[in-house]
Amino acid sequence: MKKLIILCCIAIAPAAFGFENYVITSDNAITAIDNNTPDIIEIHEMTTIMNEKNTIIVECKKEGKGKFTLTSNGKKSEFDMNITKNKTELKTSGNYTCYILDTAPGVFELDEPPVLPAKKRVTPKGLTSIEIQIGDEGN
């Protein structure tokens with residue numbers, strides 16, 4: 001519950017200032033995080049359901065230039081951020097996937113649900129309909 005509250009605060013509070021936060025993921029576990037500018041950015045580690053430690057959230061606190069280093073699979077990768085009121089730019093030297101947390105990733109469409117074939121209609125054996133003739137009683 002505590003993590004959920006932290007994530008909600010991260011997503012909502014900086015949006016009022018126009019800062020864009022990032023979610024950064026790696027194919028391998030992130031073993032070390034070095035934040036060189038803790039007064040400008042804050043980094044939150046996340047553990048997934050599968051207990052993989054390969055995701056972080058970078059929260060922008062104020063305008064300026066942020067810098068941090070991630071170590072994954074024994075390789076260090078440096079990240080540079082330029083944070084302004086209107087835009088946040090992230091540059092990386094490593095093989096990471098970066099998502100802007102506060103904006104949609106562009107136009108996307110959901111796949112249509114599969115169309116299942118209609119079940120074959122089975123006609124019951126025997127009497128299938130009853131015809132009632134009015135006025136033909138007793139003939």
# chains A, B, ... in the order shown; residues from 1 in each chain; ligands from 1
>>> select_by_dssp(residues="segment 42-84 of chain A", states="strand (DSSP E or B)", output="MDAnalysis selection string")
chainID A and resid 42:46 55:60 64:72 75:83
>>> residues_around(residues="segment 39-50 of chain A", least_positions_apart="2", cutoff="8 Å", atoms="only C-alpha atoms", output="JSON, numbers by chain")
{"A": [35, 37, 52, 53, 54, 55, 56, 57, 58, 59, 60, 61, 62, 63, 64, 65, 66]}
>>> atom_distance(atom1="atom CA of Ile30 of chain A", atom2="atom CA of Asn73 of chain A")
7.4 Å
